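Novice: Supplied structure: final.cif, mmCIF, C-alpha atoms.
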```cif
data_my_file
loop_
_atom_site.label_atom_id
_atom_site.label_comp_id
_atom_site.auth_asym_id
_atom_site.auth_seq_id
_atom_site.Cartn_x
_atom_site.Cartn_y
_atom_site.Cartn_z
CA MET E 759 -19.84 -33.30 -12.66
CA LEU E 760 -22.34 -30.62 -11.65
CA ARG E 761 -24.16 -28.69 -14.28
CA ARG E 762 -25.27 -25.12 -13.68
CA ALA E 763 -29.00 -24.82 -14.04
CA SER E 764 -30.14 -22.45 -16.71
CA PHE E 765 -33.55 -20.83 -17.16
CA ALA E 766 -34.85 -19.18 -20.26
CA PHE E 767 -38.14 -17.34 -20.60
CA ARG E 768 -39.61 -17.00 -23.98
CA PRO E 769 -40.29 -13.35 -24.88
CA ASN E 770 -44.04 -13.81 -25.23
CA VAL E 771 -44.26 -15.45 -21.75
CA VAL E 772 -42.33 -12.57 -20.18
CA ARG E 773 -44.65 -10.07 -21.79
CA ARG E 774 -47.74 -11.92 -20.53
CA ILE E 775 -46.45 -12.02 -16.91
CA ALA E 776 -45.51 -8.35 -17.01
CA SER E 777 -49.00 -7.46 -18.18
CA LEU E 778 -50.77 -9.34 -15.37
CA SER E 779 -52.48 -7.17 -12.72
CA THR E 780 -51.81 -7.57 -9.03
CA HIS E 781 -55.18 -9.29 -8.55
CA SER E 782 -54.59 -11.82 -11.31
CA LEU E 783 -51.38 -12.98 -9.63
CA GLY E 784 -53.60 -14.57 -7.03
CA ARG E 785 -52.69 -15.04 -3.37
CA LEU E 786 -49.81 -16.45 -1.43
CA PRO E 787 -50.28 -19.87 0.21
CA ASN E 788 -52.35 -19.83 3.45
CA THR E 789 -53.31 -16.15 3.28
CA GLN E 790 -55.73 -13.81 1.54
CA SER E 791 -53.36 -10.83 1.73
CA PRO E 792 -53.23 -8.63 -1.37
CA ILE E 793 -49.91 -8.39 -3.17
CA VAL E 794 -48.10 -5.05 -2.83
CA SER E 795 -44.79 -3.78 -4.19
CA LYS E 796 -43.60 -2.05 -0.97
CA PRO E 797 -42.99 -3.56 2.50
CA HIS E 798 -45.96 -2.77 4.73
CA PHE E 799 -45.18 -2.89 8.47
CA PHE E 800 -48.13 -2.45 10.78
CA ASN E 801 -48.70 -2.23 14.53
CA SER E 802 -52.44 -1.74 14.90
CA VAL E 803 -55.55 -3.79 14.27
CA THR E 804 -57.26 -0.61 13.08
CA GLY E 805 -54.84 -0.22 10.19
CA ASP E 806 -53.56 3.11 11.53
CA SER E 807 -50.93 3.06 14.27
CA SER E 808 -52.16 6.44 15.50
CA GLU E 809 -55.73 5.18 15.93
CA GLN E 810 -56.68 3.08 18.94
CA ILE E 811 -59.52 0.58 19.25
CA PRO E 812 -62.78 2.43 20.06
CA ALA E 813 -64.57 1.81 23.37
CA PHE E 814 -68.35 1.27 23.32
CA ARG E 815 -70.31 3.43 25.75
CA LEU E 816 -74.01 4.31 26.18
CA LEU E 817 -74.13 6.46 29.34
CA ASP E 818 -71.70 9.23 30.21
CA GLY E 819 -70.36 9.71 33.73
CA THR E 820 -73.50 11.55 34.81
CA GLY E 821 -75.88 8.86 33.57
CA VAL E 822 -76.93 10.73 30.41
CA PRO E 823 -77.11 8.74 27.14
CA ILE E 824 -74.38 9.92 24.75
CA ASP E 825 -75.19 11.13 21.23
CA GLY E 826 -76.32 8.28 18.98
CA ALA E 827 -76.71 5.82 21.85
CA GLU E 828 -79.29 3.06 21.37
CA LEU E 829 -80.18 1.83 24.84
CA PRO E 830 -81.11 -1.82 25.35
CA ASP E 831 -84.75 -2.54 26.12
CA LEU E 832 -85.30 -2.30 29.85
CA ASP E 833 -88.19 -1.37 32.09
CA GLU E 834 -88.18 -0.06 35.65
CA ALA E 835 -88.30 -3.51 37.24
CA PHE E 836 -85.28 -4.77 35.29
CA ALA E 837 -83.33 -1.56 35.92
CA ARG E 838 -84.01 -1.87 39.64
CA LYS E 839 -82.83 -5.47 39.60
CA LEU E 840 -79.58 -4.43 37.93
CA TYR E 841 -78.97 -1.66 40.44
CA GLU E 842 -79.89 -3.72 43.49
CA HIS E 843 -77.43 -6.44 42.51
CA MET E 844 -74.74 -3.85 41.84
CA GLN E 845 -75.32 -2.41 45.32
CA LEU E 846 -75.34 -5.86 46.91
CA LEU E 847 -71.70 -6.44 45.96
CA PRO E 848 -70.15 -3.58 47.99
CA ASN E 849 -72.46 -4.39 50.91
CA LEU E 850 -71.10 -7.94 50.94
CA ASP E 851 -67.56 -6.73 50.37
CA ASN E 852 -67.66 -4.28 53.28
CA ILE E 853 -68.74 -6.93 55.76
CA LEU E 854 -66.67 -9.89 54.54
CA TYR E 855 -63.52 -7.81 54.17
CA ASN E 856 -63.84 -6.75 57.81
CA VAL E 857 -64.74 -10.30 58.86
CA GLN E 858 -61.48 -11.49 57.34
CA ARG E 859 -59.57 -8.79 59.20
CA GLN E 860 -61.12 -10.14 62.42
CA GLY E 861 -59.71 -13.59 61.62
CA LYS E 862 -63.09 -15.26 61.15
CA ILE E 863 -62.41 -16.23 57.52
CA SER E 864 -59.01 -16.79 55.95
CA PHE E 865 -59.23 -14.76 52.76
CA TYR E 866 -61.43 -12.48 50.67
CA MET E 867 -61.47 -10.55 47.38
CA THR E 868 -63.67 -7.54 46.71
CA ALA E 869 -65.31 -6.27 43.51
CA TYR E 870 -65.13 -2.53 44.29
CA GLY E 871 -65.27 -0.53 41.07
CA GLU E 872 -66.18 -3.49 38.86
CA GLU E 873 -69.85 -3.86 39.75
CA ALA E 874 -71.11 -2.79 36.31
CA THR E 875 -68.88 -5.24 34.45
CA ILE E 876 -69.91 -8.19 36.63
CA ILE E 877 -73.66 -7.54 36.86
CA GLY E 878 -74.03 -6.24 33.31
CA SER E 879 -72.48 -9.37 31.86
CA ALA E 880 -74.42 -11.64 34.24
CA ALA E 881 -77.68 -10.08 33.07
CA ALA E 882 -76.73 -10.53 29.41
CA LEU E 883 -76.18 -14.28 29.70
CA ALA E 884 -78.81 -17.00 29.81
CA ASN E 885 -79.13 -18.70 33.18
CA ASP E 886 -78.03 -22.04 31.69
CA ASP E 887 -74.93 -20.66 29.98
CA GLU E 888 -71.85 -22.29 31.49
CA VAL E 889 -69.75 -19.79 33.45
CA LEU E 890 -66.05 -20.22 34.20
CA GLY E 891 -65.01 -17.37 36.46
CA GLN E 892 -61.85 -16.09 38.03
CA TYR E 893 -62.07 -14.44 41.47
CA ARG E 894 -64.57 -11.58 41.29
CA GLU E 895 -67.62 -13.18 39.65
CA MET E 896 -69.67 -13.80 42.80
CA GLY E 897 -72.21 -11.35 41.35
CA VAL E 898 -72.96 -13.77 38.50
CA LEU E 899 -74.02 -16.41 41.02
CA LEU E 900 -76.08 -13.90 42.99
CA TRP E 901 -77.85 -12.82 39.80
CA ARG E 902 -78.74 -16.48 39.19
CA GLY E 903 -80.23 -16.93 42.65
CA PHE E 904 -77.32 -18.53 44.52
CA GLY E 905 -78.28 -16.62 47.66
CA LEU E 906 -76.47 -14.93 50.51
CA ASP E 907 -76.58 -17.99 52.76
CA ASN E 908 -74.62 -20.00 50.18
CA VAL E 909 -72.11 -17.18 49.79
CA MET E 910 -71.49 -17.05 53.53
CA ALA E 911 -71.38 -20.84 53.86
CA GLN E 912 -68.65 -21.04 51.24
CA CYS E 913 -66.58 -18.24 52.77
CA PHE E 914 -66.82 -19.82 56.24
CA GLY E 915 -66.42 -23.37 54.88
CA ASN E 916 -69.21 -24.68 57.08
CA HIS E 917 -71.42 -27.76 56.65
CA GLU E 918 -73.87 -25.78 54.49
CA ASP E 919 -71.19 -25.08 51.88
CA THR E 920 -72.40 -26.75 48.68
CA SER E 921 -69.50 -25.44 46.59
CA SER E 922 -66.74 -27.65 48.00
CA LYS E 923 -67.77 -28.87 51.46
CA GLY E 924 -65.39 -26.39 53.05
CA ARG E 925 -62.32 -27.59 51.17
CA GLN E 926 -61.80 -24.49 49.02
CA MET E 927 -60.53 -21.02 49.94
CA PRO E 928 -63.19 -18.32 50.39
CA VAL E 929 -64.65 -16.83 47.16
CA HIS E 930 -63.78 -20.01 45.22
CA PHE E 931 -67.41 -20.74 44.41
CA GLY E 932 -68.96 -23.47 42.34
CA SER E 933 -72.53 -24.58 41.65
CA PRO E 934 -73.61 -27.17 39.07
CA LYS E 935 -77.21 -26.11 39.69
CA HIS E 936 -76.37 -22.58 38.56
CA HIS E 937 -74.04 -23.71 35.73
CA PHE E 938 -71.08 -22.11 37.48
CA HIS E 939 -67.84 -24.10 37.34
CA THR E 940 -65.73 -24.13 40.49
CA ILE E 941 -63.20 -21.29 40.60
CA SER E 942 -59.58 -22.39 40.63
CA SER E 943 -56.71 -20.44 42.18
CA PRO E 944 -54.10 -21.08 39.46
CA LEU E 945 -54.27 -18.18 37.04
CA ALA E 946 -55.94 -18.55 33.61
CA THR E 947 -56.62 -22.30 33.75
CA GLN E 948 -60.31 -21.58 33.08
CA ILE E 949 -59.58 -20.09 29.64
CA PRO E 950 -58.69 -23.28 27.70
CA GLN E 951 -61.20 -25.16 29.87
CA ALA E 952 -63.92 -22.77 28.69
CA ALA E 953 -63.04 -23.54 25.07
CA GLY E 954 -63.46 -27.23 25.84
CA VAL E 955 -66.74 -26.68 27.68
CA ALA E 956 -68.09 -24.68 24.75
CA TYR E 957 -67.03 -27.40 22.33
CA ALA E 958 -68.93 -29.93 24.45
CA LEU E 959 -72.00 -27.67 24.27
CA ARG E 960 -71.65 -27.55 20.48
CA ARG E 961 -71.62 -31.34 20.36
CA SER E 962 -74.71 -31.67 22.58
CA PRO E 963 -77.96 -31.32 20.59
CA GLU E 964 -79.92 -30.28 23.68
CA ARG E 965 -77.45 -27.46 24.47
CA LEU E 966 -77.13 -25.78 21.08
CA ASN E 967 -78.68 -22.58 22.45
CA SER E 968 -76.10 -22.27 25.23
CA VAL E 969 -72.64 -20.73 25.30
CA ALA E 970 -69.73 -20.78 27.72
CA ALA E 971 -68.75 -17.49 29.34
CA CYS E 972 -65.19 -17.14 30.60
CA PHE E 973 -64.13 -14.29 32.90
CA PHE E 974 -60.53 -13.27 33.55
CA GLY E 975 -58.37 -10.21 34.12
CA GLU E 976 -55.83 -8.55 31.88
CA GLY E 977 -53.08 -10.08 34.02
CA ALA E 978 -54.34 -13.59 33.25
CA ALA E 979 -54.12 -12.70 29.56
CA SER E 980 -50.32 -12.71 29.97
CA GLU E 981 -50.45 -16.44 30.70
CA GLY E 982 -49.89 -19.02 27.99
CA ASP E 983 -53.31 -20.51 28.75
CA PHE E 984 -54.91 -17.36 27.34
CA HIS E 985 -53.40 -17.98 23.93
CA ALA E 986 -54.10 -21.71 24.07
CA GLY E 987 -57.74 -21.04 24.92
CA LEU E 988 -58.32 -18.48 22.18
CA LEU E 989 -56.57 -20.63 19.60
CA LEU E 990 -58.69 -23.62 20.54
CA ALA E 991 -61.97 -21.68 20.59
CA SER E 992 -61.29 -20.01 17.25
CA THR E 993 -60.12 -23.04 15.29
CA ILE E 994 -62.30 -25.93 16.51
CA PRO E 995 -64.38 -23.65 16.80
CA SER E 996 -66.46 -23.36 20.00
CA PRO E 997 -69.09 -20.85 21.21
CA VAL E 998 -67.45 -19.11 24.17
CA VAL E 999 -67.65 -15.46 25.20
CA PHE E 1000 -64.32 -14.40 26.65
CA ILE E 1001 -64.94 -11.48 29.03
CA VAL E 1002 -61.81 -9.62 30.08
CA ARG E 1003 -62.00 -7.41 33.16
CA ASN E 1004 -59.22 -4.94 32.38
CA ASN E 1005 -59.12 -3.20 35.76
CA GLY E 1006 -55.65 -1.70 35.37
CA PHE E 1007 -53.72 -3.94 37.76
CA ALA E 1008 -52.50 -7.53 37.82
CA ILE E 1009 -52.09 -7.55 41.61
CA SER E 1010 -49.36 -4.87 41.83
CA THR E 1011 -48.37 -4.77 38.16
CA PRO E 1012 -50.06 -1.91 36.28
CA SER E 1013 -51.40 -2.59 32.80
CA SER E 1014 -48.75 -0.23 31.39
CA GLU E 1015 -46.19 -2.86 32.38
CA GLN E 1016 -48.40 -5.82 31.54
CA TYR E 1017 -48.47 -5.33 27.77
CA HIS E 1018 -47.14 -2.94 25.11
CA GLY E 1019 -50.00 -3.26 22.62
CA ASP E 1020 -53.49 -1.74 22.63
CA GLY E 1021 -54.96 -3.72 25.52
CA ILE E 1022 -56.33 -7.23 25.24
CA ALA E 1023 -58.87 -6.46 22.51
CA SER E 1024 -56.06 -6.05 19.99
CA ARG E 1025 -55.29 -9.77 20.32
CA GLY E 1026 -58.74 -11.02 19.28
CA PRO E 1027 -58.39 -10.37 15.52
CA GLY E 1028 -55.10 -12.26 15.58
CA TYR E 1029 -57.17 -15.36 16.33
CA GLY E 1030 -59.84 -14.44 13.81
CA ILE E 1031 -62.59 -13.79 16.33
CA ASP E 1032 -65.01 -10.87 16.66
CA THR E 1033 -63.88 -8.46 19.37
CA VAL E 1034 -65.30 -5.41 21.12
CA ARG E 1035 -64.01 -3.02 23.76
CA VAL E 1036 -66.59 -1.61 26.15
CA ASP E 1037 -66.72 0.92 28.99
CA GLY E 1038 -66.79 -1.48 31.93
CA ASN E 1039 -68.25 1.16 34.25
CA ASP E 1040 -71.37 1.52 32.08
CA VAL E 1041 -73.70 -1.34 33.03
CA LEU E 1042 -75.97 -0.79 30.03
CA ALA E 1043 -73.05 -0.82 27.59
CA VAL E 1044 -71.74 -4.05 29.14
CA LEU E 1045 -75.23 -5.55 28.98
CA ALA E 1046 -75.63 -4.64 25.28
CA ALA E 1047 -72.11 -5.71 24.29
CA VAL E 1048 -72.26 -9.12 25.99
CA ARG E 1049 -75.76 -9.75 24.61
CA GLU E 1050 -74.46 -9.09 21.10
CA ALA E 1051 -71.35 -11.19 21.76
CA ARG E 1052 -73.51 -14.09 22.93
CA SER E 1053 -75.70 -13.77 19.83
CA ARG E 1054 -72.64 -13.87 17.56
CA CYS E 1055 -71.32 -16.91 19.38
CA LEU E 1056 -74.53 -18.81 18.68
CA GLU E 1057 -74.74 -17.65 15.07
CA GLN E 1058 -71.11 -18.35 14.18
CA GLY E 1059 -70.35 -21.17 16.60
CA ARG E 1060 -67.10 -19.38 17.32
CA ALA E 1061 -65.55 -17.42 20.20
CA VAL E 1062 -66.08 -13.69 20.76
CA LEU E 1063 -63.84 -11.47 22.91
CA VAL E 1064 -65.21 -8.64 25.06
CA GLU E 1065 -62.76 -6.33 26.86
CA CYS E 1066 -64.34 -4.33 29.69
CA MET E 1067 -62.25 -1.32 30.69
CA SER E 1068 -62.60 -0.57 34.39
CA TYR E 1069 -60.57 0.31 37.47
CA ARG E 1070 -59.89 -1.86 40.51
CA VAL E 1071 -60.82 0.42 43.39
CA GLY E 1072 -60.15 -2.18 46.08
CA HIS E 1073 -56.95 -3.99 46.97
CA HIS E 1074 -56.24 -7.12 44.94
CA SER E 1075 -57.21 -9.23 47.96
CA THR E 1076 -56.96 -9.23 51.73
CA SER E 1077 -53.32 -10.29 51.22
CA ASP E 1078 -52.53 -7.06 49.39
CA ASP E 1079 -51.97 -3.40 50.30
CA SER E 1080 -52.38 -1.53 47.02
CA PHE E 1081 -51.26 1.76 48.53
CA ALA E 1082 -47.75 0.36 48.48
CA TYR E 1083 -47.73 0.70 44.68
CA ARG E 1084 -50.34 3.36 43.88
CA ALA E 1085 -51.32 6.64 45.48
CA ARG E 1086 -54.38 6.74 47.72
CA SER E 1087 -55.41 9.96 45.96
CA GLU E 1088 -55.51 8.13 42.62
CA VAL E 1089 -58.03 5.64 44.00
CA GLU E 1090 -60.16 8.33 45.63
CA ASP E 1091 -60.19 10.33 42.39
CA ARG E 1092 -61.42 7.34 40.42
CA LYS E 1093 -64.15 6.64 42.96
CA ARG E 1094 -65.33 10.22 42.75
CA ILE E 1095 -65.00 10.82 39.01
CA ASP E 1096 -66.25 7.54 37.53
CA ASN E 1097 -68.29 5.42 39.93
CA PRO E 1098 -70.39 2.78 38.10
CA LEU E 1099 -73.01 2.79 40.86
CA VAL E 1100 -73.45 6.56 40.78
CA ARG E 1101 -73.60 6.60 37.00
CA PHE E 1102 -76.47 4.12 36.80
CA ARG E 1103 -78.28 5.63 39.78
CA LEU E 1104 -78.29 9.03 38.06
CA PHE E 1105 -79.69 7.40 34.93
CA MET E 1106 -82.50 5.79 36.94
CA GLU E 1107 -83.27 9.06 38.72
CA SER E 1108 -83.56 10.82 35.36
CA ARG E 1109 -86.22 8.26 34.39
CA GLY E 1110 -88.12 8.73 37.63
CA TRP E 1111 -87.29 5.16 38.70
CA TRP E 1112 -85.20 6.03 41.79
CA ASP E 1113 -84.86 8.64 44.52
CA ALA E 1114 -83.05 9.30 47.80
CA GLN E 1115 -85.65 7.42 49.83
CA ALA E 1116 -85.36 4.33 47.66
CA GLU E 1117 -81.56 4.53 47.97
CA GLU E 1118 -81.66 4.65 51.76
CA GLU E 1119 -84.20 1.84 52.00
CA LEU E 1120 -82.16 -0.37 49.68
CA LYS E 1121 -78.90 0.10 51.56
CA THR E 1122 -80.61 -0.56 54.90
CA ARG E 1123 -82.28 -3.73 53.60
CA LEU E 1124 -79.16 -5.10 51.91
CA ARG E 1125 -76.99 -4.54 54.97
CA ALA E 1126 -79.57 -6.27 57.16
CA ASP E 1127 -79.78 -9.22 54.75
CA VAL E 1128 -76.00 -9.60 54.60
CA LEU E 1129 -75.61 -9.39 58.39
CA LYS E 1130 -78.36 -11.96 58.90
CA ALA E 1131 -76.62 -14.42 56.57
CA PHE E 1132 -73.27 -13.70 58.24
CA LYS E 1133 -74.57 -14.31 61.77
CA HIS E 1134 -76.15 -17.58 60.66
CA ALA E 1135 -73.01 -18.86 58.93
CA GLU E 1136 -70.68 -17.82 61.73
CA VAL E 1137 -72.10 -20.32 64.23
CA GLN E 1138 -72.41 -23.32 61.92
CA SER E 1139 -70.03 -26.25 62.29
CA ARG E 1140 -67.84 -27.57 59.53
CA TRP E 1141 -68.49 -30.78 57.64
CA GLU E 1142 -67.51 -34.07 59.26
CA LEU E 1143 -63.75 -34.48 59.24
CA SER E 1144 -64.11 -37.72 57.25
CA GLU E 1145 -65.42 -35.67 54.31
CA LEU E 1146 -61.81 -34.67 53.75
CA PHE E 1147 -61.35 -37.97 51.91
CA THR E 1148 -64.56 -38.12 49.86
CA ASP E 1149 -65.40 -36.86 46.35
CA ILE E 1150 -61.85 -37.41 45.10
CA TYR E 1151 -62.07 -40.54 42.96
CA ALA E 1152 -65.02 -42.24 41.30
CA GLY E 1153 -65.44 -45.99 41.77
CA GLU E 1154 -63.46 -48.00 44.26
CA GLU E 1155 -61.45 -45.98 46.76
CA PRO E 1156 -57.71 -46.31 46.00
CA TRP E 1157 -55.22 -47.60 48.55
CA ASN E 1158 -53.48 -44.26 49.15
CA ILE E 1159 -56.68 -42.54 50.28
CA ARG E 1160 -57.48 -45.41 52.67
CA GLU E 1161 -53.92 -45.22 54.00
CA GLN E 1162 -54.16 -41.47 54.64
CA ARG E 1163 -57.53 -41.76 56.37
CA ASN E 1164 -56.27 -44.56 58.61
CA GLU E 1165 -53.20 -42.50 59.50
CA LEU E 1166 -55.32 -39.49 60.51
CA SER E 1167 -57.60 -41.77 62.52
CA ARG E 1168 -54.59 -43.16 64.39
CA LEU E 1169 -53.29 -39.66 65.18
CA LEU E 1170 -56.72 -38.50 66.40
CA LYS E 1171 -56.95 -41.44 68.77
CA LYS E 1172 -53.49 -40.65 70.13
CA TYR E 1173 -53.61 -36.84 70.39
CA GLY E 1174 -57.18 -35.67 69.72
CA LYS E 1175 -58.26 -35.51 73.37
CA ASP E 1176 -54.93 -34.45 74.86
CA TRP E 1177 -53.31 -31.86 72.64
CA GLU E 1178 -55.04 -28.52 73.15
CA PRO E 1179 -54.66 -27.11 69.58
CA TRP E 1180 -56.28 -30.24 68.14
CA LYS E 1181 -59.02 -30.23 70.76
CA ARG E 1182 -59.96 -26.64 69.86
CA GLU E 1183 -59.92 -27.38 66.16
CA LEU E 1184 -61.94 -30.59 66.38
CA HIS E 1185 -64.78 -28.74 68.15
CA LYS E 1186 -65.38 -26.86 64.87
CA PHE E 1187 -66.35 -30.06 63.00
CA LYS E 1188 -69.58 -31.98 63.08
CA ALA E 1189 -69.05 -35.09 65.23
CA GLU E 1190 -65.80 -33.45 66.44
CA GLY E 1191 -63.70 -36.00 64.56
CA ASN E 1192 -65.40 -39.02 66.17
CA ASP E 1193 -66.51 -40.19 62.73
CA LEU E 1194 -62.84 -40.98 62.03
CA VAL E 1195 -61.91 -42.18 65.51
CA LYS E 1196 -64.55 -44.91 65.34
CA GLU E 1197 -63.11 -46.39 62.17
#
```
Hey, can you dump this file as structure tokens for me?

Specialist:
Amino acid sequence: MLRRASFAFRPNVVRRIASLSTHSLGRLPNTQSPIVSKPHFFNSVTGDSSEQIPAFRLLDGTGVPIDGAELPDLDEAFARKLYEHMQLLPNLDNILYNVQRQGKISFYMTAYGEEATIIGSAAALANDDEVLGQYREMGVLLWRGFGLDNVMAQCFGNHEDTSSKGRQMPVHFGSPKHHFHTISSPLATQIPQAAGVAYALRRSPERLNSVAACFFGEGAASEGDFHAGLLLASTIPSPVVFIVRNNGFAISTPSSEQYHGDGIASRGPGYGIDTVRVDGNDVLAVLAAVREARSRCLEQGRAVLVECMSYRVGHHSTSDDSFAYRARSEVEDRKRIDNPLVRFRLFMESRGWWDAQAEEELKTRLRADVLKAFKHAEVQSRWELSELFTDIYAGEEPWNIREQRNELSRLLKKYGKDWEPWKRELHKFKAEGNDLVKE
């Protein structure tokens, strides 16, 4: 037989509960939210659905500091270094894009329009901070002294390529010496990896003054790895600066179709991490924002999110024709109205640090340097063909690698000197494949 439960409150208990204030009722489990008597729906991290996240800027489009701007400390030499590295990127892009069109390299990705985001953030990091990039962070390596010869060697995949011995696609750089983890083609994999790298730094007494810096685009933020990485970095926690290049397009998908919320910055508070949105075409604003983000990472031991708002002037890659999904006039307008290079050059000119002669001399010198590195890399041979099977496993070589190498050796002995396509290809390698034939 079931008995109906009955509850009876004594009058004095009821009166005491009724007299309690909202604050004295305490909090619900697992939250610090105040208690309210009306449902409160919200759709903004600012608390007002009509108010968007502010964007941090120091210089306006003409290079003039905006009202209230506090510029980071910089002298003429440092300003020149910033500008020269910003100018180096389009000089490299112009030549390597055309080189790809000539069939001399297989692939390329430019950084047109994003020079301030890349160089500003590179300058804000320490040279021993661990960088996990996506596709457009070549400027970080150049800032750290990677050099044009190494850039060209990687893009051509020749025997001077220290990134991957010619095994990776062009622009997939890596350099342990420069604390730059090898770029991976699959989208967003570097985001949870960066959280792990930063956690390793936190556990290493000799690296407590270092952070991980993770670059990615707003398209990558639609991947599940984005959420996994931010969750990991915010809860473990780990000191990683997540730097989002919001350039308006995930290949052909515009940001208006990529998300419905207020950009990527709106997601940071959901993971309990400090977040800032910055004008990605203002190199000084990027420099200041990433410096502060890095400082907060070290102080809190937790991730910080920086969203850099920019515009991808170039095509996504040499495999893309962006004029199939956006008007050419739109691109030309953006180049004319808000060019990060022009903005910073005007600022330098206003300080008396730059002029037309310096501009002409710089462009002439950079083009000559890039062409010299290109001509050198173009005639270099590839690594020995046997290097295809090295650097895969540590310790004893497994049976399947030995089997594959022996199979290729057998095929080279049979066809290498007779089949014309193989003969042409083998001439591009050091030892022309004889290192395998002799085995």

Novice: Evaluate the PyMOL selection byres ((chain E and resi 1037-1047) around 7) on the structure here and hand back the selected residues as a list in words.

Specialist: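 What the PyMOL selection byres ((chain E and resi 1037-1047) around 7) grabs from the file is Ala813, Phe814, Arg815, Leu816, Leu817, Pro830, Glu872, Ala874, Thr875, Gly878, Ser879, Ala881, Ala882, Val1036, Val1048, Arg1049, Glu1050, Ala1051, Cys1066, Met1067, Ser1068 and Pro1098 of chain E.
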
Novice: Using all atoms listed in the file, which of the listed residues (E:Leu1056, E:Gly871, E:Ser1075, E:His936) sits closest to Glu888 of chain E?

Specialist: E:His936

Novice: For a test of reading the model, state the distance in Å between atom CA of Ala958 of chain E and atom CA of Asp983 of chain E, rounded to one decimal.

Specialist: 18.7 Å

Novice: Please measure the separation of atom CA of Met844 of chain E and atom CA of Leu1099 of chain E, giving the value in Å to one decimal.

Specialist: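 Separation between atom CA of Met844 of chain E and atom CA of Leu1099 of chain E: 6.9 Å.
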
Novice: Could you expand the PyMOL selection byres ((chain E and resi 1064) around 6) into the explicit residues it covers here, written as a PyMOL selection string?

Specialist: chain E and resi 1001+1033-1035+1063+1065

Novice: Counting only C-alpha atoms, what is within 9 Å of Cys1055 of chain E, bar same-chain residues fewer than 2 positions away, as an MDAnalysis selection string?

Specialist: chainID E and resid 969 996:999 1050:1053 1057:1062

Novice: What is the atom CA of Gly915 of chain E to atom CA of Arg894 of chain E distance in Å?

Specialist: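 Value for the atom CA of Gly915 of chain E-atom CA of Arg894 of chain E distance: 18.1 Å.
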
Novice: What do you get, as a PyMOL selection string, if you spell out every residue that the PyMOL selection byres ((chain E and resi 849-865) around 9) selects here?

Specialist: chain E and resi 845-848+866-870+906+910+913-915+927-929+1075-1077+1121+1124-1125+1128-1129+1132+1136
